[in-house]
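*Asks:* Pasting query_37.tsv here (TSV, C-alpha atoms):
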chain	number	residue	atom	x	y	z
O	1299	MET	CA	21.56	144.07	100.99
O	1300	ARG	CA	19.17	146.54	99.34
O	1301	LYS	CA	21.63	147.09	96.50
O	1302	GLY	CA	21.64	143.35	95.86
O	1303	ILE	CA	17.85	143.21	95.73
O	1304	ILE	CA	17.69	146.13	93.27
O	1305	THR	CA	20.29	144.45	91.08
O	1306	VAL	CA	18.26	141.25	91.02
O	1307	ILE	CA	15.06	143.15	90.15
O	1308	LEU	CA	16.77	145.07	87.35
O	1309	ALA	CA	18.21	141.86	85.99
O	1310	ALA	CA	14.75	140.25	86.06
O	1311	ILE	CA	13.23	143.21	84.20
O	1312	THR	CA	15.98	143.09	81.60
O	1313	ILE	CA	15.45	139.36	81.07
O	1314	LEU	CA	11.67	139.85	80.79
O	1315	THR	CA	12.04	142.72	78.31
O	1316	PHE	CA	14.48	140.66	76.28
O	1317	ALA	CA	12.06	137.74	76.29
O	1318	GLN	CA	9.24	139.92	75.04
O	1319	SER	CA	11.49	141.41	72.36
O	1320	GLN	CA	12.31	137.86	71.32
O	1321	HIS	CA	8.65	137.39	70.44
O	1322	ILE	CA	9.04	140.03	67.72
O	1323	THR	CA	12.24	138.37	66.49
O	1324	SER	CA	10.59	134.94	66.48
O	1325	ALA	CA	7.62	136.28	64.55
O	1326	ALA	CA	9.99	137.81	61.99
O	1327	ILE	CA	11.97	134.58	61.56
O	1328	ILE	CA	8.85	132.44	61.15
O	1329	LEU	CA	7.32	134.93	58.68
O	1330	LYS	CA	10.48	134.61	56.59
O	1331	GLN	CA	10.14	130.81	56.70
O	1332	TYR	CA	6.49	131.16	55.70
O	1333	ASN	CA	7.39	133.23	52.65
O	1334	SER	CA	9.97	130.69	51.43
O	1335	GLU	CA	7.87	127.59	52.20
O	1336	LYS	CA	6.24	125.81	49.23
O	1337	ASP	CA	4.09	123.26	51.06
O	1338	LYS	CA	0.66	124.84	51.63
O	1339	SER	CA	-0.10	122.84	54.77
O	1340	VAL	CA	3.24	123.83	56.31
O	1341	LYS	CA	2.62	127.48	55.36
O	1342	VAL	CA	-0.61	127.45	57.37
O	1343	LEU	CA	1.28	126.17	60.43
O	1344	LYS	CA	4.01	128.79	59.97
O	1345	ILE	CA	1.64	131.77	59.67
O	1346	LYS	CA	-0.32	130.50	62.66
O	1347	GLU	CA	2.89	130.33	64.70
O	1348	ALA	CA	3.99	133.79	63.53
O	1349	LYS	CA	0.57	135.12	64.57
O	1350	GLU	CA	0.95	133.64	68.08
O	1351	PHE	CA	4.34	135.32	68.61
O	1352	ILE	CA	3.28	138.73	67.26
O	1353	ASP	CA	0.09	138.61	69.38
O	1354	LYS	CA	2.23	138.09	72.48
O	1355	ALA	CA	4.40	141.05	71.54
O	1356	TYR	CA	1.29	143.17	70.86
O	1357	ASP	CA	-0.31	142.26	74.19
O	1358	ASN	CA	2.80	143.02	76.25
O	1359	GLU	CA	3.22	146.59	77.47
O	1360	SER	CA	6.99	146.61	76.92
O	1361	THR	CA	6.72	145.85	73.19
O	1362	SER	CA	3.15	146.92	72.32
O	1363	ASN	CA	4.27	150.17	70.72
O	1364	GLU	CA	7.59	149.21	69.19
O	1365	PRO	CA	7.90	150.14	65.49
O	1366	LYS	CA	9.23	146.66	64.66
O	1367	MET	CA	6.21	145.07	66.34
O	1368	TRP	CA	3.82	147.15	64.22
O	1369	MET	CA	5.80	146.34	61.09
O	1370	TYR	CA	5.67	142.56	61.54
O	1371	ARG	CA	2.10	142.66	62.80
O	1372	ALA	CA	1.14	144.54	59.61
O	1373	LYS	CA	2.89	141.99	57.38
O	1374	ILE	CA	1.61	138.93	59.23
O	1375	TYR	CA	-2.01	140.05	59.50
O	1376	LYS	CA	-2.12	141.23	55.90
O	1377	MET	CA	-1.02	137.75	54.85
O	1378	ILE	CA	-3.65	136.18	57.11
O	1379	ALA	CA	-6.37	138.49	55.75
O	1380	ILE	CA	-5.53	137.65	52.14
O	1381	ASN	CA	-4.71	133.93	52.37
O	1382	HIS	CA	-5.78	132.53	55.76
O	1383	ASP	CA	-8.85	134.46	56.88
O	1384	SER	CA	-10.17	131.49	58.87
O	1385	LEU	CA	-7.38	132.07	61.44
O	1386	ASP	CA	-8.84	135.46	62.40
O	1387	SER	CA	-11.98	137.02	60.94
O	1388	ASP	CA	-10.74	140.47	62.05
O	1389	ALA	CA	-7.35	140.07	60.39
O	1390	ILE	CA	-7.97	142.79	57.80
O	1391	PHE	CA	-8.79	145.31	60.52
O	1392	LYS	CA	-5.63	144.38	62.46
O	1393	ALA	CA	-3.56	144.62	59.30
O	1394	THR	CA	-5.03	148.03	58.51
O	1395	GLU	CA	-4.46	149.31	62.06
O	1396	SER	CA	-0.82	148.13	61.98
O	1397	HIS	CA	-0.06	149.68	58.59
O	1398	LEU	CA	-1.59	152.96	59.76
O	1399	LYS	CA	0.64	152.90	62.86
O	1400	CYS	CA	3.67	152.43	60.64
O	1401	MET	CA	2.65	155.49	58.60
O	1402	GLN	CA	2.51	157.79	61.64
O	1403	PRO	CA	5.10	160.61	61.84
O	1404	HIS	CA	8.43	159.66	63.41
O	1405	PRO	CA	8.74	161.21	66.90
O	1406	LYS	CA	12.28	162.46	66.22
O	1407	LYS	CA	12.92	162.42	62.45
O	1408	LYS	CA	11.21	165.24	60.53
O	1409	ASP	CA	9.27	164.23	57.40
O	1410	LYS	CA	9.82	160.55	58.20
O	1411	ILE	CA	7.35	157.87	59.20
O	1412	MET	CA	7.57	155.89	62.43
O	1413	ILE	CA	8.96	152.81	60.70
O	1414	TYR	CA	11.86	154.89	59.26
O	1415	LYS	CA	14.66	152.75	57.70
O	1416	LYS	CA	13.21	149.44	58.89
O	1417	TRP	CA	10.54	149.39	56.14
O	1418	PRO	CA	10.43	151.76	53.13
O	1419	LYS	CA	7.45	154.09	53.09
O	1420	GLU	CA	6.53	152.91	49.57
O	1421	GLU	CA	6.16	149.33	50.79
O	1422	VAL	CA	4.08	150.37	53.80
O	1423	LEU	CA	1.81	152.38	51.51
O	1424	GLU	CA	1.53	149.48	49.07
O	1425	GLY	CA	0.41	147.21	51.91
O	1426	LEU	CA	-2.03	149.84	53.15
O	1427	VAL	CA	-3.58	150.16	49.67
O	1428	GLN	CA	-3.91	146.36	49.51
O	1429	CYS	CA	-5.78	146.55	52.81
O	1430	GLY	CA	-8.07	149.16	51.24
O	1431	TYR	CA	-8.92	146.86	48.35
O	1432	GLN	CA	-9.49	143.95	50.72
O	1433	LEU	CA	-11.83	146.03	52.88
O	1434	PHE	CA	-13.76	147.19	49.82
O	1435	ASN	CA	-14.16	143.64	48.47
O	1436	ARG	CA	-15.25	142.33	51.88
O	1437	ALA	CA	-17.75	145.16	52.24
O	1438	THR	CA	-19.24	144.33	48.85
O	1439	GLU	CA	-19.47	140.63	49.72
O	1440	GLU	CA	-21.16	141.39	53.04
O	1441	TYR	CA	-23.64	143.75	51.36
O	1442	ASN	CA	-24.50	141.18	48.70
O	1443	SER	CA	-25.02	138.63	51.50
O	1444	GLU	CA	-27.38	141.11	53.20
O	1445	ASN	CA	-25.02	141.53	56.17
O	1446	TYR	CA	-25.41	145.30	56.02
O	1447	LYS	CA	-23.99	146.07	59.47
O	1448	ASN	CA	-20.78	144.20	58.63
O	1449	SER	CA	-20.51	145.86	55.22
O	1450	LEU	CA	-20.72	149.27	56.91
O	1451	LYS	CA	-17.90	148.32	59.27
O	1452	TYR	CA	-15.60	147.48	56.34
O	1453	TYR	CA	-16.54	150.63	54.40
O	1454	THR	CA	-15.89	152.83	57.45
O	1455	ALA	CA	-12.37	151.43	57.88
O	1456	ILE	CA	-11.43	152.54	54.34
O	1457	PHE	CA	-11.84	156.22	55.30
O	1458	GLU	CA	-8.80	155.93	57.60
O	1459	ILE	CA	-6.64	154.78	54.68
O	1460	MET	CA	-7.61	157.43	52.14
O	1461	PRO	CA	-5.55	160.35	53.56
O	1462	PHE	CA	-2.37	158.28	53.06
O	1463	ASP	CA	-3.12	157.28	49.45
O	1464	GLU	CA	-0.99	160.06	47.97
O	1465	GLU	CA	-0.82	158.48	44.50
O	1466	ASP	CA	-4.58	157.83	44.22
O	1467	GLN	CA	-4.11	154.08	43.86
O	1468	LEU	CA	-7.51	153.43	45.45
O	1469	LYS	CA	-9.13	156.06	43.25
O	1470	ARG	CA	-7.94	154.19	40.16
O	1471	GLY	CA	-10.00	151.26	41.39
O	1472	ASN	CA	-13.04	153.57	41.85
O	1473	ILE	CA	-12.59	153.50	45.63
O	1474	THR	CA	-13.23	157.15	46.44
O	1475	LYS	CA	-14.74	159.12	49.29
O	1476	GLU	CA	-17.89	159.57	47.20
O	1477	THR	CA	-18.35	155.90	46.34
O	1478	ILE	CA	-17.69	154.77	49.92
O	1479	LEU	CA	-20.15	157.32	51.30
O	1480	TYR	CA	-22.79	156.23	48.79
O	1481	ARG	CA	-22.25	152.52	49.40
O	1482	SER	CA	-22.34	153.16	53.14
O	1483	PHE	CA	-25.68	154.91	52.64
O	1484	LEU	CA	-26.99	151.88	50.75
O	1485	SER	CA	-26.12	149.76	53.80
O	1486	THR	CA	-27.69	152.11	56.35
O	1487	ASN	CA	-30.74	152.44	54.12
O	1488	LYS	CA	-31.18	148.66	54.14
O	1489	MET	CA	-30.78	148.76	57.92
O	1490	LYS	CA	-33.62	151.34	58.10
O	1491	ASP	CA	-31.26	153.69	59.96
O	1492	ASN	CA	-32.81	156.95	58.73
O	1493	ALA	CA	-30.66	159.21	60.90
O	1494	LYS	CA	-27.38	157.78	59.58
O	1495	SER	CA	-28.75	157.59	56.03
O	1496	LYS	CA	-29.63	161.30	56.07
O	1497	GLU	CA	-26.20	162.14	57.47
O	1498	LEU	CA	-24.44	160.23	54.68
O	1499	LEU	CA	-26.69	161.64	51.94
O	1500	GLN	CA	-26.13	165.18	53.21
O	1501	GLN	CA	-22.36	164.62	53.04
O	1502	LEU	CA	-22.75	163.50	49.43
O	1503	ILE	CA	-24.89	166.53	48.62
O	1504	ASP	CA	-22.35	168.84	50.27
O	1505	ILE	CA	-19.50	167.49	48.12
O	1506	ASN	CA	-21.63	167.67	44.94
O	1507	PHE	CA	-21.72	163.91	44.29
O	1508	ASN	CA	-22.71	163.40	40.67
O	1509	GLU	CA	-25.74	161.21	41.30
O	1510	PRO	CA	-29.29	162.65	41.04
O	1511	ALA	CA	-30.72	159.71	42.99
O	1512	ILE	CA	-29.31	161.03	46.29
O	1513	TYR	CA	-31.92	163.82	46.27
O	1514	ILE	CA	-34.70	161.34	45.53
O	1515	GLN	CA	-33.48	159.06	48.32
O	1516	MET	CA	-33.27	161.95	50.79
O	1517	SER	CA	-36.77	163.02	49.78
O	1518	ASN	CA	-38.09	159.48	50.26
O	1519	ILE	CA	-36.71	159.33	53.81
O	1520	PHE	CA	-38.36	162.62	54.78
O	1521	LEU	CA	-41.58	161.46	53.12
O	1522	GLU	CA	-41.43	158.24	55.14
O	1523	GLU	CA	-41.01	160.36	58.28
O	1524	GLY	CA	-44.05	162.47	57.33
O	1525	ASN	CA	-42.10	165.63	56.52
O	1526	THR	CA	-43.53	166.44	53.08
O	1527	ASP	CA	-42.12	169.98	53.04
O	1528	LYS	CA	-38.56	168.66	53.37
O	1529	ALA	CA	-39.30	165.92	50.85
O	1530	LEU	CA	-40.34	168.50	48.26
O	1531	GLU	CA	-37.47	170.82	49.22
O	1532	TYR	CA	-34.83	168.19	48.41
O	1533	LEU	CA	-36.43	167.36	45.07
O	1534	THR	CA	-36.38	171.05	44.17
O	1535	SER	CA	-32.73	171.29	45.25
O	1536	GLY	CA	-31.94	168.24	43.15
O	1537	ARG	CA	-33.52	169.78	40.06
O	1538	ASP	CA	-31.47	172.94	40.62
O	1539	VAL	CA	-28.34	170.79	40.29
O	1540	PHE	CA	-29.58	168.22	37.75
O	1541	GLU	CA	-32.32	170.22	36.05
O	1542	GLY	CA	-32.84	167.85	33.14
O	1543	ASP	CA	-32.81	164.57	35.07
O	1544	GLN	CA	-36.01	162.72	34.22
O	1545	GLY	CA	-35.95	160.67	37.43
O	1546	LEU	CA	-36.04	163.81	39.57
O	1547	ILE	CA	-38.68	165.40	37.35
O	1548	ASN	CA	-40.95	162.34	37.53
O	1549	THR	CA	-40.46	161.94	41.29
O	1550	GLU	CA	-41.32	165.57	41.95
O	1551	ILE	CA	-44.41	165.40	39.76
O	1552	ASP	CA	-45.50	162.11	41.34
O	1553	LEU	CA	-45.10	163.57	44.82
O	1554	TYR	CA	-47.10	166.70	43.97
O	1555	LEU	CA	-49.83	164.48	42.48
O	1556	LYS	CA	-49.76	162.19	45.52
O	1557	LEU	CA	-50.19	165.20	47.78
O	1558	GLY	CA	-52.96	166.56	45.58
O	1559	LYS	CA	-50.84	169.57	44.66
O	1560	SER	CA	-50.57	169.20	40.87
O	1561	ASP	CA	-52.19	172.63	40.33
O	1562	GLU	CA	-49.68	174.14	42.75
O	1563	LEU	CA	-46.79	172.66	40.76
O	1564	ILE	CA	-48.24	173.90	37.46
O	1565	GLU	CA	-48.61	177.38	38.94
O	1566	LYS	CA	-45.06	177.22	40.25
O	1567	LEU	CA	-43.78	176.22	36.81
O	1568	SER	CA	-45.85	178.89	35.07
O	1569	ASN	CA	-44.25	181.52	37.32
O	1570	ALA	CA	-40.82	180.07	36.55
O	1571	ILE	CA	-41.55	180.23	32.80
O	1572	GLU	CA	-42.48	183.90	33.09
O	1573	LEU	CA	-39.10	184.59	34.65
O	1574	ASP	CA	-37.18	182.31	32.28
O	1575	PRO	CA	-39.23	181.69	29.10
O	1576	GLU	CA	-36.29	180.09	27.26
O	1577	ASN	CA	-35.86	177.26	29.75
O	1578	ASP	CA	-37.02	174.11	27.91
O	1579	ILE	CA	-36.99	172.03	31.10
O	1580	PHE	CA	-39.80	174.07	32.66
O	1581	TYR	CA	-42.02	173.37	29.64
O	1582	VAL	CA	-41.18	169.66	29.76
O	1583	ILE	CA	-42.09	169.40	33.44
O	1584	ARG	CA	-45.30	171.39	33.04
O	1585	GLY	CA	-46.16	169.34	29.96
O	1586	THR	CA	-45.66	166.16	31.98
O	1587	CYS	CA	-48.01	167.51	34.65
O	1588	TYR	CA	-50.66	168.23	32.01
O	1589	GLN	CA	-50.11	164.80	30.47
O	1590	ASN	CA	-50.55	163.08	33.85
O	1591	ASN	CA	-53.76	165.07	34.35
O	1592	ASN	CA	-54.94	163.92	30.91
O	1593	LYS	CA	-54.79	167.49	29.50
O	1594	ILE	CA	-53.20	166.21	26.32
O	1595	GLU	CA	-53.47	169.32	24.12
O	1596	LYS	CA	-51.85	171.52	26.76
O	1597	ALA	CA	-49.13	168.92	27.19
O	1598	ILE	CA	-48.48	168.83	23.43
O	1599	ASN	CA	-48.25	172.63	23.33
O	1600	ASP	CA	-45.67	172.67	26.10
O	1601	TYR	CA	-43.59	169.88	24.52
O	1602	ASN	CA	-43.62	171.70	21.18
O	1603	THR	CA	-42.47	174.90	22.88
O	1604	ALA	CA	-39.66	172.98	24.56
O	1605	LEU	CA	-38.62	171.58	21.17
O	1606	GLU	CA	-38.65	175.03	19.60
O	1607	ILE	CA	-36.16	176.10	22.27
O	1608	ASN	CA	-34.17	172.87	22.15
O	1609	PRO	CA	-34.85	170.59	19.12
O	1610	GLU	CA	-32.87	167.81	20.82
O	1611	GLN	CA	-34.94	167.84	24.01
O	1612	ILE	CA	-35.21	164.07	24.20
O	1613	THR	CA	-37.82	163.88	26.95
O	1614	ALA	CA	-40.12	166.21	25.01
O	1615	LEU	CA	-39.66	164.05	21.88
O	1616	ASN	CA	-40.56	160.91	23.80
O	1617	ASN	CA	-43.50	162.42	25.69
O	1618	ILE	CA	-45.11	164.18	22.74
O	1619	SER	CA	-44.99	160.89	20.83
O	1620	SER	CA	-46.79	159.25	23.76
O	1621	CYS	CA	-49.44	162.00	23.70
O	1622	PHE	CA	-50.24	161.40	20.01
O	1623	LEU	CA	-50.25	157.60	20.38
O	1624	LYS	CA	-52.51	157.82	23.43
O	1625	GLN	CA	-55.10	159.56	21.26
O	1626	THR	CA	-55.21	156.54	18.93
O	1627	ASP	CA	-56.75	154.30	21.61
O	1628	PRO	CA	-60.28	155.77	21.64
O	1629	ILE	CA	-60.30	155.89	17.81
O	1630	VAL	CA	-59.39	152.20	17.53
O	1631	LYS	CA	-62.09	151.41	20.11
O	1632	LYS	CA	-64.70	153.30	18.07
O	1633	MET	CA	-63.63	151.54	14.88
O	1634	ASN	CA	-63.98	148.15	16.55
O	1635	ASN	CA	-67.51	149.00	17.67
O	1636	LEU	CA	-68.76	149.95	14.17
O	1637	SER	CA	-70.90	147.59	12.15
O	1638	LEU	CA	-69.82	146.46	8.67
O	1639	SER	CA	-72.38	148.81	7.08
O	1640	GLN	CA	-70.86	151.94	8.67
O	1641	THR	CA	-68.18	152.27	5.99
O	1642	SER	CA	-68.02	156.06	5.80
O	1643	LYS	CA	-67.58	156.42	9.57
O	1644	PHE	CA	-64.95	153.69	9.51
O	1645	ASN	CA	-62.98	155.43	6.74
O	1646	LYS	CA	-63.20	158.76	8.55
O	1647	LEU	CA	-61.85	157.24	11.75
O	1648	LYS	CA	-59.16	155.39	9.78
O	1649	LEU	CA	-58.01	158.72	8.29
O	1650	ASP	CA	-57.94	160.30	11.76
O	1651	LEU	CA	-55.84	157.38	12.96
O	1652	LYS	CA	-53.44	157.72	10.04
O	1653	ASN	CA	-53.02	161.44	10.70
O	1654	LEU	CA	-52.08	160.76	14.32
O	1655	TYR	CA	-49.45	158.22	13.23
O	1656	LEU	CA	-48.10	160.71	10.69
O	1657	LYS	CA	-47.90	163.40	13.40
O	1658	THR	CA	-46.04	161.00	15.68
O	1659	LEU	CA	-43.55	159.78	13.07
O	1660	PRO	CA	-41.14	162.78	12.89
O	1661	TYR	CA	-40.82	162.96	16.67
O	1662	VAL	CA	-40.02	159.26	16.98
O	1663	LYS	CA	-37.48	159.44	14.14
O	1664	LYS	CA	-35.80	162.47	15.71
O	1665	TYR	CA	-35.66	160.68	19.05
O	1666	LEU	CA	-33.91	157.71	17.42
O	1667	GLU	CA	-31.39	160.01	15.77
O	1668	LEU	CA	-30.33	160.93	19.30
O	1669	LYS	CA	-30.72	157.45	20.82
O	1670	PRO	CA	-30.42	155.00	17.90
O	1671	ASN	CA	-30.20	151.87	20.05
O	1672	ASP	CA	-33.34	152.34	22.12
O	1673	LYS	CA	-35.10	149.07	21.34
O	1674	SER	CA	-38.44	150.04	22.89
O	1675	ILE	CA	-38.72	153.13	20.66
O	1676	LEU	CA	-37.49	151.16	17.62
O	1677	ASN	CA	-40.40	148.79	18.23
O	1678	VAL	CA	-42.75	151.80	18.35
O	1679	LEU	CA	-41.36	153.04	15.04
O	1680	ALA	CA	-41.78	149.61	13.42
O	1681	GLU	CA	-45.39	149.51	14.63
O	1682	ILE	CA	-46.11	153.01	13.25
O	1683	TYR	CA	-44.65	152.08	9.86
O	1684	THR	CA	-46.80	148.94	9.83
O	1685	LYS	CA	-49.94	150.93	10.68
O	1686	LEU	CA	-49.11	153.35	7.84
O	1687	GLU	CA	-48.60	150.36	5.49
O	1688	MET	CA	-44.95	151.36	5.00
O	1689	TYR	CA	-43.83	147.75	5.05
O	1690	GLU	CA	-40.31	148.17	3.63
O	1691	GLU	CA	-39.51	150.76	6.28
O	1692	ALA	CA	-40.98	148.52	8.99
O	1693	LYS	CA	-38.85	145.61	7.76
O	1694	GLU	CA	-35.68	147.73	7.89
O	1695	VAL	CA	-36.40	148.83	11.48
O	1696	LYS	CA	-37.08	145.24	12.56
O	1697	GLY	CA	-33.72	144.31	11.07
O	1698	ARG	CA	-32.06	146.96	13.25
O	1699	ILE	CA	-33.81	145.57	16.32
O	1700	THR	CA	-32.59	142.04	15.51
O	1701	GLN	CA	-29.00	143.28	15.22
O	1702	LEU	CA	-29.23	144.79	18.72
O	1703	LYS	CA	-30.25	141.51	20.35
What does the file become when written as structure tokens?
*Replies:*
Amino acid sequence: MRKGIITVILAAITILTFAQSQHITSAAIILKQYNSEKDKSVKVLKIKEAKEFIDKAYDNESTSNEPKMWMYRAKIYKMIAINHDSLDSDAIFKATESHLKCMQPHPKKKDKIMIYKKWPKEEVLEGLVQCGYQLFNRATEEYNSENYKNSLKYYTAIFEIMPFDEEDQLKRGNITKETILYRSFLSTNKMKDNAKSKELLQQLIDINFNEPAIYIQMSNIFLEEGNTDKALEYLTSGRDVFEGDQGLINTEIDLYLKLGKSDELIEKLSNAIELDPENDIFYVIRGTCYQNNNKIEKAINDYNTALEINPEQITALNNISSCFLKQTDPIVKKMNNLSLSQTSKFNKLKLDLKNLYLKTLPYVKKYLELKPNDKSILNVLAEIYTKLEMYEEAKEVKGRITQLK
């Protein structure tokens, strides 16, 4: 009697297991029909039906970890994610999970993946890379829609794919560890999640991400938290890596000025110059400090020293031009306040003004040799030529500006 009961139970288990396995087979058959179907409305019905069968196989313990189940789940959910996202908003995550399962090492076959023979590794990888692109595009869409938490979820999922991208297919689309970390930071920054933002920025700093702004952004977070020492420390570290970056230079100077420490920065730079007198960047930064403190002559001296060391020091060329032009303002104001009878004073001031424009001219021209398409500086040059009554030269520069528009 007991033997009969056991036989019945075993038969029932076998039937149940077969029925669950049939769900995988049914999903495979319907997916094939979907792929050959031309009618769009019928295709929607087919992929929906395939989804129902593969979900049953996924939810059942007897088939939930079968390689074939993962294979068809990967194919079905990738198709849903790309063409029928309304059927399941999480389809891209399910497709990614399934492809990753297929890429796991085979439990018995060395150097083979779990889906060995049933689905070529190249095809699994191709599908996985497609998932990566889909995740990246969705993340960008969510970020642009200000759904920063969702964008972060999509970006995070891409990290799981990257170790399998042996041929750098994602990298060719500029989907790299660095770009995903930075974009993830942009999301956490919008979410005001300072702890996560600092963690992501530190990872970027540790892998030498080629973006000076990460030091400024890290500094800003510490400044927001009231830690001015750390804020300054990261700006200094940033300049050590990107010593000529004007954004870092300006941010550091602005922060020292904001903290009332401009004299401290000048002293720090003076000490650095003593140790390394041929470093043009130190002179540029100190000159900028002097310029911001309205010590124009000292600023001009530092910019000229920087240019002696490096004649193509573009920041020095730009800033020294600004210093000379700034000195024209009080002269013009004095000229405007003179009466018509004060001719000699007017002519003297006019000569002083002309000399300042003549001093500025070579620096502006040199700057434009290095950056010929800088429209704002071209406008400055045209104005200088006009002030010097060099009308043909002014006309030629205006022509260049028109061509750039």
*Asks:* Considering all atoms listed in the file, can you say which of O:Lys1447, O:Lys1366, O:Lys1631, O:Lys1399 comes closest to Trp1417 (chain O)?
*Replies:*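 Selected residue with least distance to Trp1417 (chain O): O:Lys1366.
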*Asks:* Let me make sure I understand: among O:Ile1699, O:Ile1579, O:Leu1546, O:Cys1587, which one has the smallest atom-to-atom distance to Glu1565 (chain O) if we use all atoms listed in the file?
*Replies:*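 With all atoms listed in the file as the atom set, the closest residue is O:Cys1587.
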*Asks:* Counting only C-alpha atoms, figure out which residue out of O:Ile1571, O:Leu1702, O:Ala1493, O:Leu1498 gets nearest to Phe1520 (chain O).
*Replies:* O:Ala1493
*Asks:* Given the point (-20.1, 153.4, 58.0) in the file's coordinates, find the residues that have an atom at most 6 Å from it, counting only C-alpha atoms, and give them as a list of chain:residue names.
*Replies:* O:Leu1450, O:Lys1451, O:Tyr1453, O:Thr1454, O:Ser1482
*Asks:* Do you have the CA of Lys1596 (chain O)-CA of Asn1634 (chain O) distance handy?
*Replies:*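 Between CA of Lys1596 (chain O) and CA of Asn1634 (chain O) the gap is 28.2 Å.
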